[in-house]
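S.K.: One structure, as structure tokens, below. Some questions next.
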Amino acid sequence: MEPAKEAPREASKKDRAAAPNLKRLRQMVETIMQGGGPGRIQAQRAKGKFTARERINYLLDEGSFQETDQLVSTRCADFGLKEKDPPGDGVVTGFGNIAGREVCVFAQDFTVLGGSLGHAHAMKICKVMDLALANRVPVVGLLDSGGARIQEGVNSLDGYGDIFYRNTKCSGVIPQISVILGPCAGGAVYSPALTDFIFMVQGISHMFVTGPDVVKAATGEDVSFDQLGGCEAHASKSGVCHFVAQSEPDCFRQIRELLSFLPQNRWEKPPREANPDPIRRTIPLLEKMCEMDPRKPYRIHHVIWQIADEHKFFEVHTDFAKNIVVGFMRMGGESVGVVANNPAHFAGALDINSADKAARFIRCLNAFNIPIVTLTDVPGFWPGVTQEHGGIIRHGAKLLFAYSEATVPKIAVVIRKAYGGAYIAMSSKKLGSDFNYSSPSAEIAVMGPAGAIEILYSRELAAAKTDADRAALRAKLAAEYAAKFASPYQTASTGSIDEVIEPGQLRYKIIRALRLLRDKRAPGSHENRGNIPL
């Protein structure tokens, strides 16, 4: 027998009174959801770009986004702005989840007044940044804007100042990620520059202080948008961009992966993941690589892949200063930052750009409680007038400072060679490294044997009767110098190297050291000096 059906209840006076209010709210929300309208949305998609809300939905876990300040509107009455009533004042703000973890997010809407920043627009961004800071969660900014809103005058410039101030207050406290998904020009570029990581997408992302037209008027240089401020320019030349994606979905995937290595804030440790890769896995390939001629180039990535859990490495700044490699991996399930000389470029020598690149990354790791693993294979600092006049001394000092101030676990390994001041700069024992290892074939000295004997035995070499005699003498003296002054055993005898290890055991040695050092520093107990853009 079917249950009796309830008779439809007659709407109460209260329900009938509430209906118009609810209808009004829904109409307002529906209008805001349409952004700049169908025409502008179609124009946005014609450029191969998503809308602000589509971007948020791609980035966050499904159904997790909670919008804030949805009904905020411009306070400017000039130039007809009040009548236009730009939805949300051109920016969508709120919070949601990425892999179940809370994040705050804002996305500039280019379909609404070109995403230009006015007073209310800036206020919304500042509020969501304050929300992120107060609740100790990361903040992700999706930038797609024509710049300051001219109609609002200095108020729009003050809005940028408010944002820059908050970027600085959040620095080293919560992770800040900037995603360039269209134009980012003028003063707007300095907010991303103050954040920890910047993403750009091929074909749609541009950053510059002054555009091509202004450059041509001021200097006579004829340059395109891509040449001036596209992905390639900032990823390989200026070093402004950390990650380049081939598409917006690829970009959002990379952001999610990056956040998986980072803690929510400076008071937490990064999330740990299950590790199916045996920690005692040996590395036969590394034994062969360590025995290679110290002058022969190779990609340090091969060493990183071998020691990382499941051979996975998430590189940062891939195309900038390739003579040093930085990025994230996991070892024994724990998040680890890697800094490694790359002999495939400039022989792995340190120069101005590589010192800046490594120093800033080290400071970021120190701010967010991520251990540092340093792989050393360095012949020295890159010589030349350009480097000296460009300030290699000043820039190299940044690297020394970064390693010295870092109080997270620090482990360093000399793979093949470490000469001169560069040996000291690459997380040597005297800079506070916790564990320093070396392969048995490594050379650690003031300078390479070939150069050293030219100075120490110049008379003997000059006295050799023939070129053949001189070559034989060089080989003999170099071997003697290497055995006596460049041997890792000699360095180990002074305590500057803790252990000379078998290369095949490198993965296990590092993981074992990391586990001992796990509680070296309580998260948040360190002094926060921010992650200043070096």
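By convention here, the chains of the structure tokens are called A, B, ... in the order presented, each chain's residues are numbered starting at 1, and ligands are numbered starting at 1 in the order presented.
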With only C-alpha atoms counted and 8 Å as the cut-off, give the residues of region 145-201 of chain A in contact with region 257-272 of chain A, each with its shortest interatomic distance in Å and the pair that gives it, as JSON lines.
M.R.:
{"residue": "A:Gly172", "atom": "CA", "partner": "A:Arg266", "partner_atom": "CA", "distance": 6.9}
{"residue": "A:Val173", "atom": "CA", "partner": "A:Arg266", "partner_atom": "CA", "distance": 5.2}
{"residue": "A:Ile174", "atom": "CA", "partner": "A:Asn265", "partner_atom": "CA", "distance": 4.4}
{"residue": "A:Pro175", "atom": "CA", "partner": "A:Asn265", "partner_atom": "CA", "distance": 6.6}
S.K.: May I have the selected residues written with C-alpha atoms, as a compact mmCIF listing (two decimals), in the first residue's frame?
M.R.:
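What landed in part.txt:
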# COMPACT_ATOMS: atom_id res chain seq x y z
CA GLY A 172 57.90 34.05 4.34
CA VAL A 173 54.73 33.58 6.40
CA ILE A 174 52.36 31.96 3.89
CA PRO A 175 53.16 30.74 0.35
S.K.: Contacts of region 432-435 of chain A at 6 Å or less, counting only C-alpha atoms, minus same-chain residues fewer than 4 places along, as a PDB file with N, CA and C atoms, in the first residue's frame?
M.R.:
ATOM      1  N   LYS A 410      70.398  20.724   6.604  1.00  0.00           N
ATOM      2  CA  LYS A 410      71.216  20.963   5.411  1.00  0.00           C
ATOM      3  C   LYS A 410      72.179  19.797   5.229  1.00  0.00           C
ATOM      4  N   ILE A 411      72.113  19.193   4.061  1.00  0.00           N
ATOM      5  CA  ILE A 411      72.973  18.054   3.721  1.00  0.00           C
ATOM      6  C   ILE A 411      73.636  18.348   2.388  1.00  0.00           C
ATOM      7  N   SER A 427      77.246  25.184   0.505  1.00  0.00           N
ATOM      8  CA  SER A 427      76.832  24.541   1.752  1.00  0.00           C
ATOM      9  C   SER A 427      77.947  23.725   2.399  1.00  0.00           C
TER      10      SER A 427
END
S.K.: Measuring atom to atom with only C-alpha atoms, identify which of A:Val112, A:Asp69, A:Arg101, A:Ala462 is nearest to Cys126 (chain A).
M.R.: A:Asp69
S.K.: Between A:Gly391, A:Pro371, A:Pro38, A:Gly141, which is the closest to Pro192 (chain A) once you count only C-alpha atoms?
M.R.: A:Gly141
S.K.: Within region 20-208 of chain A, find each residue whose DSSP state, derived from the backbone, is helix (DSSP H, G or I), and express the selection as a PyMOL selection string.
M.R.: chain A and resi 20-33+38-46+52-59+78-84+87-90+113-115+119-135+150-152+154-170+186-194
S.K.: What does the file look like for those residues with C-alpha atoms, as a PDB file, in the first residue's frame?
M.R.:
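Below is the file that was written, selection00.pdb:
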ATOM      1  CA  PRO A  20      10.778  38.741  -3.993  1.00  0.00           C
ATOM      2  CA  ASN A  21      13.923  39.254  -1.894  1.00  0.00           C
ATOM      3  CA  LEU A  22      15.270  35.857  -2.846  1.00  0.00           C
ATOM      4  CA  LYS A  23      14.447  36.510  -6.480  1.00  0.00           C
ATOM      5  CA  ARG A  24      16.306  39.819  -6.378  1.00  0.00           C
ATOM      6  CA  LEU A  25      19.391  38.171  -4.854  1.00  0.00           C
ATOM      7  CA  ARG A  26      19.395  35.471  -7.511  1.00  0.00           C
ATOM      8  CA  GLN A  27      19.072  38.039 -10.287  1.00  0.00           C
ATOM      9  CA  MET A  28      22.002  40.041  -8.877  1.00  0.00           C
ATOM     10  CA  VAL A  29      24.152  36.942  -8.582  1.00  0.00           C
ATOM     11  CA  GLU A  30      23.239  35.819 -12.096  1.00  0.00           C
ATOM     12  CA  THR A  31      24.240  39.213 -13.505  1.00  0.00           C
ATOM     13  CA  ILE A  32      27.574  39.107 -11.666  1.00  0.00           C
ATOM     14  CA  MET A  33      28.245  35.570 -12.902  1.00  0.00           C
ATOM     15  CA  PRO A  38      28.507  37.226 -23.611  1.00  0.00           C
ATOM     16  CA  GLY A  39      30.349  39.401 -26.142  1.00  0.00           C
ATOM     17  CA  ARG A  40      33.366  40.025 -23.955  1.00  0.00           C
ATOM     18  CA  ILE A  41      33.442  36.429 -22.778  1.00  0.00           C
ATOM     19  CA  GLN A  42      33.478  35.284 -26.400  1.00  0.00           C
ATOM     20  CA  ALA A  43      36.336  37.700 -27.130  1.00  0.00           C
ATOM     21  CA  GLN A  44      38.254  36.283 -24.145  1.00  0.00           C
ATOM     22  CA  ARG A  45      37.841  32.733 -25.400  1.00  0.00           C
ATOM     23  CA  ALA A  46      38.813  33.775 -28.934  1.00  0.00           C
ATOM     24  CA  ALA A  52      38.111  34.240 -14.266  1.00  0.00           C
ATOM     25  CA  ARG A  53      35.540  31.837 -12.842  1.00  0.00           C
ATOM     26  CA  GLU A  54      36.533  29.029 -15.190  1.00  0.00           C
ATOM     27  CA  ARG A  55      40.123  29.436 -14.024  1.00  0.00           C
ATOM     28  CA  ILE A  56      39.135  29.170 -10.383  1.00  0.00           C
ATOM     29  CA  ASN A  57      37.095  26.049 -11.111  1.00  0.00           C
ATOM     30  CA  TYR A  58      40.042  24.434 -12.921  1.00  0.00           C
ATOM     31  CA  LEU A  59      42.448  25.262 -10.089  1.00  0.00           C
ATOM     32  CA  ASP A  78      33.290  59.762 -12.768  1.00  0.00           C
ATOM     33  CA  PHE A  79      33.311  58.874 -16.476  1.00  0.00           C
ATOM     34  CA  GLY A  80      30.078  56.923 -16.135  1.00  0.00           C
ATOM     35  CA  LEU A  81      31.605  54.109 -14.095  1.00  0.00           C
ATOM     36  CA  LYS A  82      28.764  54.036 -11.587  1.00  0.00           C
ATOM     37  CA  GLU A  83      26.222  53.577 -14.378  1.00  0.00           C
ATOM     38  CA  LYS A  84      28.258  50.755 -15.902  1.00  0.00           C
ATOM     39  CA  PRO A  87      30.314  43.226 -11.808  1.00  0.00           C
ATOM     40  CA  GLY A  88      32.493  42.531  -8.784  1.00  0.00           C
ATOM     41  CA  ASP A  89      34.605  45.507  -9.893  1.00  0.00           C
ATOM     42  CA  GLY A  90      36.550  43.203 -12.197  1.00  0.00           C
ATOM     43  CA  LEU A 113      36.828  46.832 -17.786  1.00  0.00           C
ATOM     44  CA  GLY A 114      39.854  44.881 -18.972  1.00  0.00           C
ATOM     45  CA  GLY A 115      40.476  43.633 -15.434  1.00  0.00           C
ATOM     46  CA  HIS A 119      39.891  51.175  -5.440  1.00  0.00           C
ATOM     47  CA  ALA A 120      37.191  48.545  -4.799  1.00  0.00           C
ATOM     48  CA  HIS A 121      39.087  45.984  -6.912  1.00  0.00           C
ATOM     49  CA  ALA A 122      42.210  46.487  -4.790  1.00  0.00           C
ATOM     50  CA  MET A 123      40.182  46.388  -1.578  1.00  0.00           C
ATOM     51  CA  LYS A 124      38.799  42.962  -2.493  1.00  0.00           C
ATOM     52  CA  ILE A 125      42.294  41.592  -3.166  1.00  0.00           C
ATOM     53  CA  CYS A 126      43.614  43.060   0.094  1.00  0.00           C
ATOM     54  CA  LYS A 127      40.744  41.550   2.063  1.00  0.00           C
ATOM     55  CA  VAL A 128      41.346  38.061   0.713  1.00  0.00           C
ATOM     56  CA  MET A 129      45.100  38.403   1.381  1.00  0.00           C
ATOM     57  CA  ASP A 130      44.329  39.486   4.946  1.00  0.00           C
ATOM     58  CA  LEU A 131      42.043  36.458   5.217  1.00  0.00           C
ATOM     59  CA  ALA A 132      44.839  34.163   4.031  1.00  0.00           C
ATOM     60  CA  LEU A 133      47.371  35.671   6.442  1.00  0.00           C
ATOM     61  CA  ALA A 134      45.026  35.566   9.446  1.00  0.00           C
ATOM     62  CA  ASN A 135      44.124  31.927   8.786  1.00  0.00           C
ATOM     63  CA  ILE A 150      42.797  55.564 -15.277  1.00  0.00           C
ATOM     64  CA  GLN A 151      39.281  56.787 -14.465  1.00  0.00           C
ATOM     65  CA  GLU A 152      40.028  56.458 -10.736  1.00  0.00           C
ATOM     66  CA  VAL A 154      45.654  58.072  -7.837  1.00  0.00           C
ATOM     67  CA  ASN A 155      43.175  55.867  -5.968  1.00  0.00           C
ATOM     68  CA  SER A 156      44.092  53.003  -8.300  1.00  0.00           C
ATOM     69  CA  LEU A 157      47.814  53.576  -7.696  1.00  0.00           C
ATOM     70  CA  ASP A 158      47.212  53.598  -3.947  1.00  0.00           C
ATOM     71  CA  GLY A 159      45.442  50.277  -4.425  1.00  0.00           C
ATOM     72  CA  TYR A 160      48.655  48.778  -5.790  1.00  0.00           C
ATOM     73  CA  GLY A 161      50.518  50.152  -2.787  1.00  0.00           C
ATOM     74  CA  ASP A 162      48.062  48.431  -0.444  1.00  0.00           C
ATOM     75  CA  ILE A 163      48.639  45.130  -2.265  1.00  0.00           C
ATOM     76  CA  PHE A 164      52.457  45.474  -2.279  1.00  0.00           C
ATOM     77  CA  TYR A 165      52.394  46.132   1.462  1.00  0.00           C
ATOM     78  CA  ARG A 166      50.436  42.945   2.070  1.00  0.00           C
ATOM     79  CA  ASN A 167      52.693  40.944  -0.263  1.00  0.00           C
ATOM     80  CA  THR A 168      55.602  41.986   1.924  1.00  0.00           C
ATOM     81  CA  LYS A 169      53.804  41.243   5.207  1.00  0.00           C
ATOM     82  CA  CYS A 170      52.849  37.776   3.916  1.00  0.00           C
ATOM     83  CA  GLY A 186      53.282  48.938 -15.234  1.00  0.00           C
ATOM     84  CA  GLY A 187      53.072  48.963 -11.455  1.00  0.00           C
ATOM     85  CA  ALA A 188      51.051  45.734 -11.534  1.00  0.00           C
ATOM     86  CA  VAL A 189      54.203  43.680 -12.186  1.00  0.00           C
ATOM     87  CA  TYR A 190      55.637  44.370  -8.752  1.00  0.00           C
ATOM     88  CA  SER A 191      53.038  42.394  -6.840  1.00  0.00           C
ATOM     89  CA  PRO A 192      53.999  39.124  -8.605  1.00  0.00           C
ATOM     90  CA  ALA A 193      57.683  40.012  -8.166  1.00  0.00           C
ATOM     91  CA  LEU A 194      57.142  40.146  -4.399  1.00  0.00           C
TER      92      LEU A 194
END
S.K.: Using only C-alpha atoms, which residues sit within 6 Å of Val326 (chain A) once same-chain residues fewer than 2 positions away are excluded, as a ChimeraX atom specification?
M.R.: /A:316,338-339
S.K.: When you draw a straight line from CA of Val244 (chain A) to CA of Ala406 (chain A), how long is it in Å?
M.R.: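 Spanning CA of Val244 (chain A) to CA of Ala406 (chain A) is a straight-line distance of 28.1 Å.
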S.K.: Hey, what does DSSP flag as strand (DSSP E) within region 146-354 of chain A? Can you give it to me as a PyMOL selection string?
M.R.: chain A and resi 176-180+183-185+197-201+206-208+243-245+314-316+324-331+334-341
S.K.: Can you tell me which residues surround Gly327 (chain A) at a distance of at most 7 Å, considering only C-alpha atoms, apart from same-chain residues fewer than 2 positions away, and format the answer as number ranges by chain?
M.R.: A: 314-316, 325, 329, 337-338
S.K.: Point out the residue among A:Glu499, A:Val72, A:Asn531, A:Val408 with the least atom-to-atom distance to Pro86 (chain A), counting only C-alpha atoms.
M.R.: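 Closest to Pro86 (chain A), using only C-alpha atoms: A:Val72.
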S.K.: Skip Pro449 (chain A) itself and residues of its chain fewer than 6 positions away, then list as a list of chain:residue names all residues within 7 Å of it, counting only C-alpha atoms.
M.R.: A:Ala478, A:Tyr481, A:Ala482
S.K.: Please produce an output containing N, CA and C atoms for each residue in the selection, written as a PDB file, in the first residue's frame.
M.R.:
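Output file result_0.pdb follows:
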ATOM      1  N   ALA A 478     100.430  16.565 -11.259  1.00  0.00           N
ATOM      2  CA  ALA A 478      98.994  16.714 -11.027  1.00  0.00           C
ATOM      3  C   ALA A 478      98.454  15.553 -10.204  1.00  0.00           C
ATOM      4  N   TYR A 481      99.650  16.012  -6.639  1.00  0.00           N
ATOM      5  CA  TYR A 481      98.920  17.094  -5.969  1.00  0.00           C
ATOM      6  C   TYR A 481      97.515  16.642  -5.597  1.00  0.00           C
ATOM      7  N   ALA A 482      96.865  15.961  -6.532  1.00  0.00           N
ATOM      8  CA  ALA A 482      95.501  15.496  -6.280  1.00  0.00           C
ATOM      9  C   ALA A 482      95.458  14.533  -5.101  1.00  0.00           C
TER      10      ALA A 482
END
S.K.: Which residues come within 7 Å of Ile497 (chain A), counting only C-alpha atoms, excluding same-chain residues fewer than 5 positions away, as a list in words?
M.R.: Asn436, Tyr437, Ser438, Thr491 and Ala492 of chain A
